[in-house]
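What follows is the content of run-v6.cif (mmCIF, C-alpha atoms and all ligand atoms).
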data_coords
#
loop_
_atom_site.label_atom_id
_atom_site.label_comp_id
_atom_site.auth_asym_id
_atom_site.auth_seq_id
_atom_site.Cartn_x
_atom_site.Cartn_y
_atom_site.Cartn_z
CA MET A 1192 -15.53 2.43 -15.12
CA LYS A 1193 -14.17 1.49 -18.50
CA VAL A 1194 -11.51 -1.21 -18.22
CA LEU A 1195 -8.71 -0.65 -20.73
CA PRO A 1196 -7.03 -3.36 -22.82
CA ARG A 1197 -3.48 -3.32 -21.50
CA LYS A 1198 -1.92 -6.38 -23.08
CA GLY A 1199 0.94 -5.41 -25.38
CA THR A 1200 1.30 -1.93 -23.85
CA GLY A 1201 4.23 -2.89 -21.64
CA ALA A 1202 1.90 -3.25 -18.64
CA VAL A 1203 3.82 -5.32 -16.09
CA LYS A 1204 0.63 -7.02 -14.88
CA PHE A 1205 -0.01 -8.46 -18.36
CA ASP A 1206 3.23 -8.40 -20.31
CA GLY A 1207 5.39 -9.24 -17.30
CA LEU A 1208 3.75 -12.63 -16.67
CA LYS A 1209 6.65 -14.48 -18.28
CA ASN A 1210 9.24 -12.64 -16.21
CA LYS A 1211 7.40 -13.04 -12.95
CA PHE A 1212 5.75 -16.45 -13.28
CA GLY A 1213 7.60 -18.05 -16.19
CA ILE A 1214 4.40 -18.43 -18.20
CA SER A 1215 3.17 -16.96 -21.45
CA ASN A 1216 -0.34 -18.33 -21.48
CA ASP A 1217 -2.87 -15.92 -22.98
CA ASN A 1218 -5.65 -17.44 -20.92
CA VAL A 1219 -4.15 -16.57 -17.56
CA ILE A 1220 -6.05 -13.79 -15.77
CA PRO A 1221 -3.45 -11.48 -14.19
CA LEU A 1222 -4.62 -10.19 -10.80
CA TRP A 1223 -1.31 -9.58 -9.13
CA ILE A 1224 0.68 -6.29 -9.13
CA ALA A 1225 -1.23 -3.40 -7.53
CA ASP A 1226 -2.42 -1.05 -10.23
CA MET A 1227 -5.88 -0.49 -11.73
CA ASP A 1228 -6.87 -1.29 -15.32
CA ILE A 1229 -8.54 2.08 -15.87
CA ALA A 1230 -7.68 5.47 -17.37
CA ILE A 1231 -6.31 8.15 -15.05
CA ALA A 1232 -8.18 11.40 -14.30
CA ARG A 1233 -8.42 13.77 -17.28
CA GLU A 1234 -7.24 16.65 -15.08
CA ILE A 1235 -3.91 14.89 -14.51
CA VAL A 1236 -3.38 14.24 -18.22
CA ASP A 1237 -4.15 17.90 -18.99
CA ALA A 1238 -1.82 19.22 -16.30
CA ILE A 1239 1.10 17.06 -17.46
CA THR A 1240 0.42 17.89 -21.12
CA ASN A 1241 0.36 21.63 -20.37
CA PHE A 1242 3.57 21.36 -18.39
CA LEU A 1243 5.39 19.58 -21.23
CA GLN A 1244 3.94 21.82 -23.92
CA ALA A 1245 5.59 24.79 -22.26
CA ASN A 1246 8.83 23.19 -23.56
CA ILE A 1247 10.90 24.10 -20.53
CA VAL A 1248 12.02 21.17 -18.44
CA GLY A 1249 14.97 22.62 -16.57
CA TYR A 1250 15.23 22.76 -12.79
CA VAL A 1251 11.92 23.96 -11.45
CA ASP A 1252 10.49 24.19 -8.01
CA ILE A 1253 6.84 23.12 -7.85
CA ASP A 1254 5.21 23.35 -4.46
CA ILE A 1255 3.10 20.40 -3.33
CA THR A 1256 2.70 21.34 0.32
CA GLU A 1257 -0.46 23.40 -0.11
CA ALA A 1258 -2.21 20.71 -2.18
CA VAL A 1259 -1.18 17.99 0.29
CA CYS A 1260 -2.55 20.02 3.22
CA LEU A 1261 -5.83 20.71 1.40
CA TRP A 1262 -6.23 17.02 0.52
CA HIS A 1263 -5.68 15.87 4.09
CA GLN A 1264 -7.82 18.71 5.45
CA SER A 1265 -10.70 17.44 3.29
CA LYS A 1266 -10.35 14.15 5.20
CA GLY A 1267 -10.33 15.91 8.57
CA GLU A 1268 -6.55 15.84 9.11
CA ALA A 1269 -4.93 19.15 10.02
CA LEU A 1270 -1.35 19.36 8.74
CA GLU A 1271 1.09 22.23 8.56
CA ARG A 1272 2.81 22.93 5.27
CA GLU A 1273 6.29 22.92 6.77
CA TRP A 1274 5.81 19.31 7.96
CA ILE A 1275 5.86 18.05 4.37
CA THR A 1276 8.90 16.85 2.41
CA SER A 1277 8.36 15.67 -1.15
CA LEU A 1278 9.86 12.29 -2.08
CA SER A 1279 10.68 10.39 -5.24
CA SER A 1280 9.05 7.31 -3.69
CA VAL A 1281 7.58 6.04 -0.45
CA LEU A 1282 10.26 3.35 -0.32
CA MET A 1283 12.96 6.01 -0.64
CA GLY A 1284 11.34 7.64 2.41
CA ILE A 1285 11.31 4.41 4.40
CA ARG A 1286 14.90 3.64 3.49
CA THR A 1287 16.01 7.13 4.45
CA ALA A 1288 14.20 6.90 7.79
CA ILE A 1289 15.86 3.55 8.52
CA THR A 1290 19.39 4.69 7.65
CA THR A 1291 19.04 8.09 9.31
CA PHE A 1292 17.47 7.05 12.60
CA THR A 1293 18.71 3.52 13.32
CA GLN A 1294 22.08 1.79 13.48
CA ILE A 1295 23.38 -1.46 11.95
CA ASP A 1296 21.80 -4.51 13.68
CA ASP A 1297 19.07 -2.44 15.37
CA LYS A 1298 15.72 -4.23 15.60
CA ILE A 1299 12.87 -2.89 13.49
CA MET A 1300 9.37 -4.20 14.18
CA LEU A 1301 6.81 -4.91 11.51
CA LEU A 1302 3.37 -6.50 11.64
CA SER A 1303 3.28 -9.47 9.30
CA PRO A 1304 2.03 -10.20 6.70
CA VAL A 1305 2.99 -6.86 5.21
CA TYR A 1306 4.15 -5.28 1.94
CA SER A 1307 7.20 -7.31 0.87
CA PRO A 1308 9.73 -4.46 0.37
CA PHE A 1309 9.49 -3.74 4.10
CA TYR A 1310 11.39 -6.98 4.74
CA SER A 1311 14.00 -6.45 2.05
CA LEU A 1312 14.61 -2.80 2.96
CA ILE A 1313 15.29 -3.64 6.60
CA SER A 1314 17.63 -6.50 5.67
CA GLN A 1315 19.45 -4.58 2.96
CA CYS A 1316 20.10 -1.76 5.42
CA GLY A 1317 21.75 -4.30 7.77
CA ARG A 1318 19.02 -3.96 10.42
CA THR A 1319 17.19 -6.86 12.08
CA ILE A 1320 13.57 -7.69 11.29
CA HIS A 1321 11.42 -8.28 14.35
CA GLU A 1322 8.13 -9.72 13.09
CA ILE A 1323 4.92 -9.34 15.07
CA PRO A 1324 2.53 -11.82 13.40
CA LEU A 1325 -1.03 -10.54 13.03
CA VAL A 1326 -3.62 -12.64 14.81
CA PRO A 1327 -6.50 -13.94 12.63
CA THR A 1328 -9.93 -13.15 14.09
CA ASN A 1329 -13.51 -13.82 12.91
CA SER A 1330 -13.63 -10.46 11.17
CA GLY A 1331 -10.03 -10.11 9.98
CA PHE A 1332 -6.76 -9.57 11.82
CA ALA A 1333 -5.72 -8.10 15.16
CA ILE A 1334 -2.45 -6.73 16.49
CA ASP A 1335 -0.91 -8.63 19.41
CA ILE A 1336 0.30 -5.67 21.46
CA GLU A 1337 1.93 -8.05 23.98
CA LYS A 1338 4.42 -9.12 21.31
CA LEU A 1339 5.95 -5.65 20.88
CA ASN A 1340 9.66 -5.57 21.63
CA PRO A 1341 10.93 -2.81 23.93
CA ASP A 1342 14.47 -3.22 22.54
CA ALA A 1343 13.40 -2.27 19.02
CA LYS A 1344 14.38 1.12 17.66
CA MET A 1345 11.66 1.49 15.05
CA LEU A 1346 8.14 0.31 14.22
CA LEU A 1347 7.34 0.09 10.52
CA LEU A 1348 3.58 0.26 10.27
CA CYS A 1349 1.37 -0.17 7.21
CA ASN A 1350 -2.07 1.37 7.79
CA PRO A 1351 -4.26 0.37 6.00
CA ASN A 1352 -2.34 -2.85 5.76
CA ASN A 1353 -1.19 -4.19 2.41
CA PRO A 1354 -2.00 -7.09 1.80
CA THR A 1355 -4.81 -7.83 4.30
CA GLY A 1356 -6.68 -4.53 3.84
CA SER A 1357 -6.92 -4.16 7.63
CA VAL A 1358 -7.50 -0.66 9.01
CA TRP A 1359 -5.95 -0.44 12.47
CA PRO A 1360 -8.43 0.75 15.11
CA GLU A 1361 -7.66 3.91 17.04
CA THR A 1362 -7.34 1.98 20.31
CA ASP A 1363 -4.62 -0.23 18.79
CA LEU A 1364 -2.83 2.79 17.35
CA GLN A 1365 -2.95 4.43 20.80
CA SER A 1366 -1.44 1.30 22.38
CA LEU A 1367 1.30 1.13 19.74
CA VAL A 1368 2.15 4.80 20.20
CA SER A 1369 2.13 4.62 24.02
CA PHE A 1370 4.52 1.67 23.85
CA CYS A 1371 6.79 3.46 21.39
CA VAL A 1372 6.82 6.71 23.39
CA LYS A 1373 7.68 4.74 26.55
CA HIS A 1374 10.54 2.84 24.91
CA ASN A 1375 11.85 5.59 22.66
CA ILE A 1376 10.88 3.83 19.43
CA LEU A 1377 10.32 5.77 16.22
CA VAL A 1378 7.10 5.06 14.26
CA ILE A 1379 7.23 5.03 10.47
CA ALA A 1380 3.65 4.84 9.20
CA ASP A 1381 3.04 4.01 5.54
CA GLU A 1382 -0.48 5.29 4.84
CA VAL A 1383 -0.39 4.89 1.06
CA HIS A 1384 -3.70 2.98 0.94
CA SER A 1385 -5.63 5.42 3.15
CA ASP A 1386 -7.76 6.84 0.32
CA PHE A 1387 -9.33 3.41 -0.22
CA ILE A 1388 -11.48 2.91 2.87
CA PHE A 1389 -14.73 1.04 2.25
CA ASN A 1390 -16.31 -0.14 5.47
CA GLN A 1391 -17.54 1.49 8.63
CA ARG A 1392 -14.27 1.36 10.50
CA SER A 1393 -12.91 4.81 9.75
CA PHE A 1394 -9.25 5.33 9.09
CA LYS A 1395 -7.26 7.29 11.62
CA SER A 1396 -3.78 8.52 10.83
CA VAL A 1397 -1.23 8.06 13.61
CA LEU A 1398 -0.72 11.82 13.40
CA ALA A 1399 -4.32 12.39 14.52
CA LEU A 1400 -3.61 10.83 17.94
CA GLY A 1401 -2.06 13.97 19.36
CA GLU A 1402 1.26 15.66 20.00
CA HIS A 1403 2.84 12.67 21.74
CA ALA A 1404 2.27 10.62 18.56
CA GLN A 1405 3.33 13.41 16.23
CA ASN A 1406 6.64 13.77 18.07
CA ILE A 1407 7.76 10.23 17.28
CA THR A 1408 6.14 9.64 13.90
CA ILE A 1409 7.04 9.94 10.24
CA VAL A 1410 4.05 9.38 7.97
CA LEU A 1411 4.62 8.44 4.35
CA ASN A 1412 2.00 8.84 1.70
CA SER A 1413 1.64 9.30 -2.04
CA CYS A 1414 -0.99 10.09 -4.64
CA ALA A 1415 0.37 7.37 -6.94
CA LYS A 1416 -1.71 4.51 -5.51
CA SER A 1417 -4.98 6.44 -5.22
CA PHE A 1418 -4.72 8.02 -8.66
CA ASN A 1419 -3.15 5.05 -10.45
CA LEU A 1420 0.11 6.85 -11.31
CA ALA A 1421 2.67 4.08 -10.87
CA ALA A 1422 4.37 5.00 -14.16
CA ILE A 1423 5.09 8.51 -12.86
CA PRO A 1424 7.45 7.80 -9.99
CA GLY A 1425 7.62 10.22 -7.21
CA ALA A 1426 4.26 11.66 -6.29
CA ALA A 1427 5.18 10.80 -2.71
CA TYR A 1428 5.79 12.75 0.48
CA ALA A 1429 6.73 12.47 4.14
CA ILE A 1430 4.81 14.24 6.90
CA ILE A 1431 7.06 14.96 9.89
CA PRO A 1432 5.76 17.29 12.61
CA ASN A 1433 8.90 16.95 14.82
CA SER A 1434 11.36 19.58 13.56
CA GLY A 1435 14.47 17.67 14.70
CA LEU A 1436 13.46 14.50 12.87
CA ARG A 1437 12.35 16.55 9.87
CA GLY A 1438 15.66 18.41 9.61
CA ALA A 1439 17.75 15.24 9.68
CA PHE A 1440 15.42 13.45 7.25
CA HIS A 1441 15.28 16.35 4.83
CA GLN A 1442 19.06 16.74 4.81
CA ARG A 1443 19.50 13.08 3.80
CA ILE A 1444 16.82 13.29 1.14
CA SER A 1445 18.20 16.39 -0.50
CA SER A 1446 21.77 15.00 -0.44
CA VAL A 1447 20.67 12.36 -2.98
CA HIS A 1448 18.17 14.53 -4.88
CA GLY A 1449 15.49 12.28 -3.40
CA GLU A 1450 12.69 14.83 -3.66
CA ALA A 1451 9.78 14.32 -6.06
CA GLY A 1452 10.45 15.22 -9.69
CA ALA A 1453 8.62 18.09 -11.37
CA LEU A 1454 6.29 15.89 -13.45
CA SER A 1455 5.07 14.05 -10.40
CA CYS A 1456 4.55 17.32 -8.52
CA VAL A 1457 2.42 18.52 -11.43
CA ALA A 1458 0.47 15.24 -11.27
CA LEU A 1459 0.03 15.49 -7.50
CA ASN A 1460 -1.27 19.06 -7.67
CA ALA A 1461 -3.80 18.11 -10.36
CA ALA A 1462 -4.86 14.96 -8.49
CA TYR A 1463 -5.25 16.52 -5.07
CA ARG A 1464 -6.85 19.77 -6.28
CA HIS A 1465 -9.18 18.40 -8.98
CA GLY A 1466 -9.19 14.59 -8.76
CA GLU A 1467 -11.76 13.94 -6.01
CA PRO A 1468 -14.75 13.34 -8.38
CA TRP A 1469 -12.66 10.81 -10.36
CA LEU A 1470 -11.60 9.05 -7.15
CA ALA A 1471 -15.20 8.94 -5.90
CA LYS A 1472 -16.25 7.13 -9.11
CA VAL A 1473 -13.33 4.71 -8.82
CA LYS A 1474 -14.24 3.93 -5.22
CA ALA A 1475 -17.87 3.26 -6.16
CA TRP A 1476 -16.66 0.84 -8.85
CA LEU A 1477 -14.24 -0.86 -6.46
CA ARG A 1478 -16.98 -1.17 -3.84
CA GLU A 1479 -19.07 -3.12 -6.36
CA ASN A 1480 -16.11 -5.31 -7.36
CA ARG A 1481 -15.35 -6.07 -3.72
CA ALA A 1482 -18.97 -7.04 -3.02
CA MET A 1483 -19.17 -9.15 -6.17
CA VAL A 1484 -15.99 -11.10 -5.36
CA ALA A 1485 -17.09 -11.57 -1.72
CA ASN A 1486 -20.31 -13.03 -3.10
CA CYS A 1487 -18.46 -15.34 -5.53
CA PHE A 1488 -16.48 -16.77 -2.62
CA ARG A 1489 -19.44 -16.94 -0.20
CA SER A 1490 -19.70 -20.70 -0.54
CA SER A 1491 -16.02 -21.33 -1.20
CA PRO A 1492 -14.57 -24.75 -0.39
CA LYS A 1493 -13.44 -25.53 3.14
CA GLY A 1494 -9.76 -25.24 2.36
CA LEU A 1495 -10.01 -21.65 1.17
CA GLN A 1496 -10.59 -18.63 3.41
CA VAL A 1497 -11.19 -15.31 1.71
CA HIS A 1498 -10.78 -12.03 3.54
CA ILE A 1499 -11.68 -8.66 2.04
CA GLY A 1500 -10.61 -6.05 4.58
CA ASP A 1501 -12.05 -2.61 5.33
CA ALA A 1502 -9.62 -0.96 2.90
CA THR A 1503 -7.64 -1.46 -0.34
CA TYR A 1504 -8.64 -3.12 -3.59
CA PHE A 1505 -7.27 -6.52 -2.55
CA ALA A 1506 -8.76 -9.81 -1.46
CA TRP A 1507 -6.54 -11.98 0.74
CA LEU A 1508 -6.84 -15.69 0.01
CA ASP A 1509 -5.66 -18.19 2.58
CA PHE A 1510 -5.22 -21.79 1.37
CA THR A 1511 -3.44 -23.04 4.53
CA ALA A 1512 -6.23 -25.51 5.38
CA LEU A 1513 -5.65 -27.35 2.08
CA ASP A 1514 -2.50 -28.77 3.64
CA LYS A 1515 -0.42 -28.29 0.48
CA THR A 1516 2.89 -26.51 0.02
CA HIS A 1517 2.97 -22.93 -1.21
CA TYR A 1518 4.58 -24.11 -4.42
CA GLN A 1519 1.83 -26.68 -5.02
CA ILE A 1520 -0.87 -24.04 -4.57
CA GLU A 1521 0.87 -21.47 -6.74
CA THR A 1522 1.39 -24.05 -9.50
CA ALA A 1523 -2.26 -25.12 -9.29
CA LEU A 1524 -3.46 -21.49 -9.45
CA LEU A 1525 -1.40 -20.83 -12.57
CA ALA A 1526 -2.58 -24.08 -14.14
CA ALA A 1527 -6.17 -23.01 -13.35
CA GLY A 1528 -5.46 -19.74 -15.18
CA VAL A 1529 -5.01 -17.11 -12.44
CA ALA A 1530 -1.86 -15.17 -11.50
CA LEU A 1531 -1.98 -13.75 -7.97
CA THR A 1532 0.65 -12.10 -5.78
CA SER A 1533 2.35 -14.71 -3.64
CA GLY A 1534 1.82 -14.24 0.07
CA LYS A 1535 5.23 -15.81 0.62
CA GLU A 1536 6.72 -12.43 -0.32
CA TYR A 1537 4.63 -10.92 2.49
CA GLY A 1538 5.68 -13.43 5.12
CA ALA A 1539 2.54 -15.58 4.64
CA PRO A 1540 3.10 -18.89 2.80
CA CYS A 1541 -0.03 -20.53 1.32
CA CYS A 1542 -1.70 -17.12 1.08
CA PHE A 1543 -2.22 -15.02 -2.06
CA ARG A 1544 -3.31 -11.44 -2.79
CA MET A 1545 -5.92 -10.87 -5.48
CA ASN A 1546 -6.17 -7.44 -7.14
CA LEU A 1547 -9.83 -6.42 -7.56
CA ALA A 1548 -9.27 -3.30 -9.71
CA THR A 1549 -10.25 -4.81 -13.03
CA SER A 1550 -13.36 -5.83 -14.93
CA PRO A 1551 -16.12 -7.65 -13.00
CA SER A 1552 -16.29 -10.34 -15.68
CA LEU A 1553 -12.58 -11.17 -15.25
CA LEU A 1554 -12.99 -11.17 -11.47
CA GLU A 1555 -15.96 -13.51 -11.70
CA ALA A 1556 -14.13 -15.89 -14.05
CA ALA A 1557 -11.03 -15.83 -11.82
CA SER A 1558 -13.09 -16.47 -8.66
CA LYS A 1559 -14.67 -19.52 -10.32
CA ARG A 1560 -11.28 -20.83 -11.44
CA ILE A 1561 -9.83 -20.38 -7.94
CA THR A 1562 -12.81 -22.09 -6.29
CA ARG A 1563 -12.60 -25.01 -8.69
CA MET A 1564 -8.87 -25.32 -8.11
CA ALA A 1565 -9.36 -25.38 -4.31
CA GLN A 1566 -12.00 -28.12 -4.69
CA LYS A 1567 -9.87 -30.27 -6.95
CA ILE A 1568 -6.33 -29.99 -5.60
C1 LIG B 1 2.09 -0.17 1.32
C2 LIG B 1 2.87 0.34 0.14
N1 LIG B 1 3.90 1.18 0.35
C3 LIG B 1 4.63 1.65 -0.68
C4 LIG B 1 4.35 1.30 -1.98
C5 LIG B 1 5.24 1.77 -3.09
O1 LIG B 1 5.28 3.16 -3.12
P1 LIG B 1 6.43 3.85 -3.96
O2 LIG B 1 6.36 3.30 -5.35
O3 LIG B 1 6.10 5.31 -3.89
O4 LIG B 1 7.71 3.51 -3.28
C6 LIG B 1 3.28 0.43 -2.24
C7 LIG B 1 2.99 0.01 -3.62
O5 LIG B 1 2.22 -0.88 -3.90
C8 LIG B 1 2.53 -0.06 -1.16
O6 LIG B 1 1.51 -0.91 -1.34
#

Starting from the file, lay out its structure as structure tokens.
Ligand SMILES: Cc1ncc(COP(=O)(O)O)c(C=O)c1O
Amino acid sequence: MKVLPRKGTGAVKFDGLKNKFGISNDNVIPLWIADMDIAIAREIVDAITNFLQANIVGYVDIDITEAVCLWHQSKGEALEREWITSLSSVLMGIRTAITTFTQIDDKIMLLSPVYSPFYSLISQCGRTIHEIPLVPTNSGFAIDIEKLNPDAKMLLLCNPNNPTGSVWPETDLQSLVSFCVKHNILVIADEVHSDFIFNQRSFKSVLALGEHAQNITIVLNSCAKSFNLAAIPGAAYAIIPNSGLRGAFHQRISSVHGEAGALSCVALNAAYRHGEPWLAKVKAWLRENRAMVANCFRSSPKGLQVHIGDATYFAWLDFTALDKTHYQIETALLAAGVALTSGKEYGAPCCFRMNLATSPSLLEAASKRITRMAQKI
């Protein structure tokens, strides 16, 4: 894959270093925010160009339900078109689910560490976060089913998990769903990273567990992460088999014009109908990057544990054993010339997320800098 020069283009990952980290050092390698430094699929560019060249950008209704069903069908998931509601963002979907189906002060469970907006959304909606810390294992992370709270009203699940890249096994998903059915808890499953599965453990959507799971679940997904479309907000959608939940959710979404915009629907149709060959190439490239970085860290110093999960284009770096504060580690990383996403935002101090969707030479240089920093600090 050709890695594009993005500095000076307004790219947040590069040009936003000052805002985010307070530094403007040209030598810092930015491996933080989750986008890829590559061109998008030609088919998407063509579809958007054709749409704009028609010169009519009034209210239009562009169906995405057929393309979404075909995409999921190609991965063995059978959906019905009427289950799908388009969304201007996944976070809009999560927020709507929280405000529609829970009350102020209700407990919402999440498995931590997890994507940082999950925490802020729950708090901003006046609900209570109930964290279930993931348990580190030899091969990654496990869910402690015993820690689930029967008083909670909602489980906010991220599968595959951002930032650890964990793919939750079917047996764990079954246990989570059984618990939630028993205690009348709604499951909101963010499956945004499900196109990036790399190891043997195959991804299973909660919806694939059967009718009992479908009845209590809202799945949120998007083509923006898989097809690198962060600058086109809104190629997102909710999948809600239960008609009662769907009706209430849809009503809220349409009351704020929260559906996906036309441009993003055009992008989604192009991506899901014609983008598979592009995605296959991207995944092959990411697979090599993941292996290369795993190799760079194979003999990493004692104080640094590196985990590259079964999914996502992230490595999860745990510096806890260095016995330093989060601030000390972050400062040392920046001084060494690497900007990573702080795990503190994900509920995991002393941990950092490294974005692997860039050039192998930058990844190699960054891995060396990180290793050296962990040896010296
Ligand atoms: C797990 C997860 N959910 C949601 C999002 C954001 O999606 P959106 O921009 O559609 O709200 C991201 C973006 O990185 C993500 O990693």

As an exercise, work out the distance from atom CA of Gln1405 of chain A to atom CA of Glu1257 of chain A in Å and give it to one decimal place. 19.5 Å

Around all of ligand LIG 1 (chain B)'s listed atoms, make the axis-aligned box with 3 Å on each side and tell me centre and edge lengths in Å to one decimal, as AutoDock Vina command-line options.
--center_x 4.6 --center_y 2.2 --center_z -2.0 --size_x 12.2 --size_y 12.2 --size_z 12.7

Might you pull out every residue within 8 Å of segment 1360-1369 of chain A, with all atoms listed in the file counted and same-chain residues fewer than 6 positions away left off, and present them as an MDAnalysis selection string? chainID A and resid 1334 1336 1378 1392 1394:1395 1397 1400 1404

C-alpha atoms of the current selection, written as a PDB file, in the frame of the given file:
ATOM      1  CA  ILE A1334      -2.450  -6.730  16.490  1.00  0.00           C
ATOM      2  CA  ILE A1336       0.300  -5.670  21.460  1.00  0.00           C
ATOM      3  CA  VAL A1378       7.100   5.060  14.260  1.00  0.00           C
ATOM      4  CA  ARG A1392     -14.270   1.360  10.500  1.00  0.00           C
ATOM      5  CA  PHE A1394      -9.250   5.330   9.090  1.00  0.00           C
ATOM      6  CA  LYS A1395      -7.260   7.290  11.620  1.00  0.00           C
ATOM      7  CA  VAL A1397      -1.230   8.060  13.610  1.00  0.00           C
ATOM      8  CA  LEU A1400      -3.610  10.830  17.940  1.00  0.00           C
ATOM      9  CA  ALA A1404       2.270  10.620  18.560  1.00  0.00           C
TER      10      ALA A1404
END

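Interatomic distance, atom CA of Ile1289 of chain A to atom CA of Ile1313 of chain A: 7.5 Å.
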
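Nearest residue to Asn1350 of chain A among A:Leu1508, A:Ile1224, A:Ala1380, A:Ala1269 is A:Ala1380, counting only C-alpha atoms.
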
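For Ile1431 of chain A, the set of protein, DNA and RNA residues having any atom at most 7 Å away, when counting all atoms listed in the file and skipping those fewer than 3 positions along the same chain, is Trp1274, Ile1275, Thr1408, Ile1409, Val1410 and Arg1437 of chain A.
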
Pick out the residues no farther than 6 Å from ligand LIG 1 (chain B), counting only C-alpha atoms and all ligand atoms, and list them as a ChimeraX atom specification. /A:1225,1280-1282,1306,1349,1353,1381,1383,1427

Rounded to one decimal, what separation in Å do you get between atom CA of Asn1486 of chain A and atom CA of Thr1328 of chain A?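 Computing it gives 20.1 Å between the two atoms.
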
Taking only C-alpha atoms into account, name the residue in A:Ser1393, A:Asn1433, A:Ser1533, A:Tyr1463 that is nearest to Ala1502 of chain A.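 Smallest separation from Ala1502 of chain A among the options: A:Ser1393.
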
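Nearest residue to Ser1330 of chain A, choosing from A:Ile1444, A:Leu1553, A:Val1358, A:Met1283 and counting all atoms listed in the file: A:Val1358.
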
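Counting all atoms listed in the file, the residue from A:Ile1229, A:Leu1278, A:Leu1513, A:Ala1539 that sits nearest to Leu1302 of chain A is A:Ala1539.
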
Selection: 8 Å around Pro1221 of chain A, only C-alpha atoms, excl. self and same-chain fewer than 5 positions, as JSON, numbers by chain: {"A": [1204, 1205, 1208, 1529, 1530, 1531]}

Proximity to Ser1277 of chain A - best of A:Val1457, A:Ile1255, A:Leu1477, A:Ile1235, all atoms listed in the file: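 Of all the options, A:Ile1255 lies closest to Ser1277 of chain A.
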
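Among A:Asn1340, A:Ser1434, A:Thr1287, A:Asn1375, the residue with the shortest atom-to-atom distance to Ile1320 of chain A, counting all atoms listed in the file, is A:Asn1340.
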
Residue contacts of Ala1343 of chain A (10 Å, all atoms listed in the file) excluding same-chain residues fewer than 4 positions away, as a ChimeraX atom specification: /A:1293,1297-1300,1319-1321,1339,1371,1374-1377

Write out as a PDB file with C-alpha atoms, keeping the file's coordinate frame each polymer residue whose atoms come within 9 Å of Thr1532 of chain A, counting only C-alpha atoms; drop sequence neighbours fewer than 5 positions from it.
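around.pdb, freshly written:
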ATOM      1  CA  LEU A1222      -4.620 -10.190 -10.800  1.00  0.00           C
ATOM      2  CA  TRP A1223      -1.310  -9.580  -9.130  1.00  0.00           C
ATOM      3  CA  ILE A1224       0.680  -6.290  -9.130  1.00  0.00           C
ATOM      4  CA  CYS A1542      -1.700 -17.120   1.080  1.00  0.00           C
ATOM      5  CA  PHE A1543      -2.220 -15.020  -2.060  1.00  0.00           C
ATOM      6  CA  ARG A1544      -3.310 -11.440  -2.790  1.00  0.00           C
ATOM      7  CA  MET A1545      -5.920 -10.870  -5.480  1.00  0.00           C
ATOM      8  CA  ASN A1546      -6.170  -7.440  -7.140  1.00  0.00           C
TER       9      ASN A1546
END

Please return, as an MDAnalysis selection string, all polymer residues that have at least one atom within 12 Å of the point (-4.6, -4.2, 4.1); use all atoms listed in the file and the file's own coordinate frame. chainID A and resid 1302:1306 1325 1331:1333 1348:1359 1381:1385 1387:1389 1394 1498:1507 1537 1544:1546
